[in-house]
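Report on one structure; see the data block that follows.
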Amino acid sequence: MNSPGSGAWRQLLLLTVLLAAIPTVWKQIGPLPGESNPTRETCAPGEPLISLLQETSLSSSTVREPEPAELPAAVQKPASSDPQAGVTAEVATGQIRGVVRFLGESPLAPEANLAGKRLPLLRVDPQTGGLGHAVVFIVNGGQLPQPSRPEIPAARPVPVQAVMDQKDHEFTPRVVAITAGAGVRFTNSDVANHNVHGHGLDPKNQFNVFTGSGGGVTHRFRVEKGGRPIRIGCDIHPWMQGWVYVFDHPWYAITDNSGKFEIPDVPVGRHRLGIRQPDTRLEKFVELEVVAGQVVEWQTDFESSDLPRE
């Protein structure tokens, strides 16, 4: 039989165990006063229901995005009060439009064709005197602000800016102009065989390629010293002749069969305009003033007396 003293001792021992277990119970059902709970843990089986309710409440609350980290000084954008800082202003431009005429008798080609005829070297409109196949260009245009152009990777095909056909045993058109690095496509629409022989001072402009009936070839050209044109010939038919002009800027044009031409988007200012016809070496230079948003109308005439004497 237990004594009263032993029962009191067992009660005291049970009370001590309960007091020691209180902190563990509070950690399971919530933070103790003054404590924080920075982490969230998933409620495991057997944990108190209050922990599961707290978990659900936290997951449904609004989450605040963290503040963006400050960029290191080396990569921060420079502060500027100028809204146009770093922006290149567009260059004001105008347009040149005109007519080139030849008022005289055209000299004949030095060699006769298959029919034994020596044709006029100059293509002149019989009604207006308009001179075709003349090149008009801005002298020293390469020193002007250049319009942006996408670079073409070397692996890409050569961009073709002009086509010169071999038709009726003639190069048609007789004169073409391109930008440096671009190509000319030479085709053969005759039933006869031809070849394309480039005679340039630059070795890159020297080539000789056979072009059978229906064939063709594309060649990339570079600027010649002094703006000289590259002469194109056919060794099989020596009277056939053409010319390729290559420029380091976009401000040039070839006159049509009526002698008309247009050069758009020319930067404003005073420019020296050149006119050349390679078959007869006709040449003239004039000064023009280009005004923003306006068209400069201009006309020039050549006469027989302007033809160079041998």
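Residues in the structure tokens are numbered from 1 in each chain, the chains being A, B, ... in the order shown, and ligands are numbered from 1 in the order shown.
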Do you know which residues are at most 6 Å from range 264-278 of chain A counting only C-alpha atoms, after dropping those on the same chain fewer than 3 positions away, and could you put them as an mmCIF file with C-alpha atoms, in the first residue's frame?
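Everything below was put into around39.cif:
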```cif
data_model
loop_
_atom_site.group_PDB
_atom_site.id
_atom_site.type_symbol
_atom_site.label_atom_id
_atom_site.label_comp_id
_atom_site.auth_asym_id
_atom_site.auth_seq_id
_atom_site.Cartn_x
_atom_site.Cartn_y
_atom_site.Cartn_z
ATOM 1 C CA ALA A 92 18.709 67.255 -94.755
ATOM 2 C CA THR A 93 18.534 66.352 -98.441
ATOM 3 C CA GLY A 94 17.259 67.548 -101.795
ATOM 4 C CA GLN A 95 17.070 66.159 -105.314
ATOM 5 C CA ALA A 134 25.831 59.127 -119.917
ATOM 6 C CA VAL A 135 26.796 58.897 -116.243
ATOM 7 C CA VAL A 136 26.002 61.826 -113.914
ATOM 8 C CA PHE A 137 27.548 61.863 -110.444
ATOM 9 C CA ILE A 138 28.504 63.954 -107.419
ATOM 10 C CA VAL A 139 32.252 64.571 -107.468
ATOM 11 C CA ARG A 281 35.155 60.653 -123.627
ATOM 12 C CA LEU A 282 32.729 63.579 -123.425
ATOM 13 C CA GLU A 283 33.104 65.271 -120.021
ATOM 14 C CA LYS A 284 31.744 68.334 -118.234
ATOM 15 C CA PHE A 285 31.580 69.648 -114.658
ATOM 16 C CA VAL A 286 29.120 72.156 -113.154
ATOM 17 C CA GLU A 287 28.410 73.642 -109.706
ATOM 18 C CA LEU A 288 24.960 73.170 -108.161
ATOM 19 C CA GLU A 289 23.319 74.257 -104.893
ATOM 20 C CA VAL A 290 21.071 71.631 -103.274
ATOM 21 C CA VAL A 291 18.352 72.969 -100.943
ATOM 22 C CA ALA A 292 16.517 70.859 -98.359
#
```
Exercise for review: Find the residues near Ser304 in chain A: any atom within 10 Å, counting only C-alpha atoms, skip ones fewer than 4 places away on the same chain, and give them as a ChimeraX atom specification.
Suggested key: /A:102-107,282,308
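Of the residues under consideration (A:Glu90, A:Ile178, A:Val99, A:Gly198), A:Val99 shows the shortest atom-to-atom contact distance to Phe302 in chain A when counting only C-alpha atoms.
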Exercise for review: Find the residues near range 210-219 of chain A: any atom within 7 Å, counting only C-alpha atoms, skip ones fewer than 6 places away on the same chain, and give them as JSON, numbers by chain.
Suggested key: {"A": [183, 184, 185, 186, 187, 188, 189, 190, 191, 192, 193, 194, 195, 196]}
Check your understanding: What is the CA of Asp279 in chain A-CA of His199 in chain A distance in Å, reported with one decimal?
Key -> 14.4 Å
Exercise for review: May I have the residues within 6 Å of range 220-235 of chain A as number ranges by chain, using only C-alpha atoms and disregarding those fewer than 5 positions away in the same chain?
Suggested key: A: 180-183, 195-200, 205, 240-247
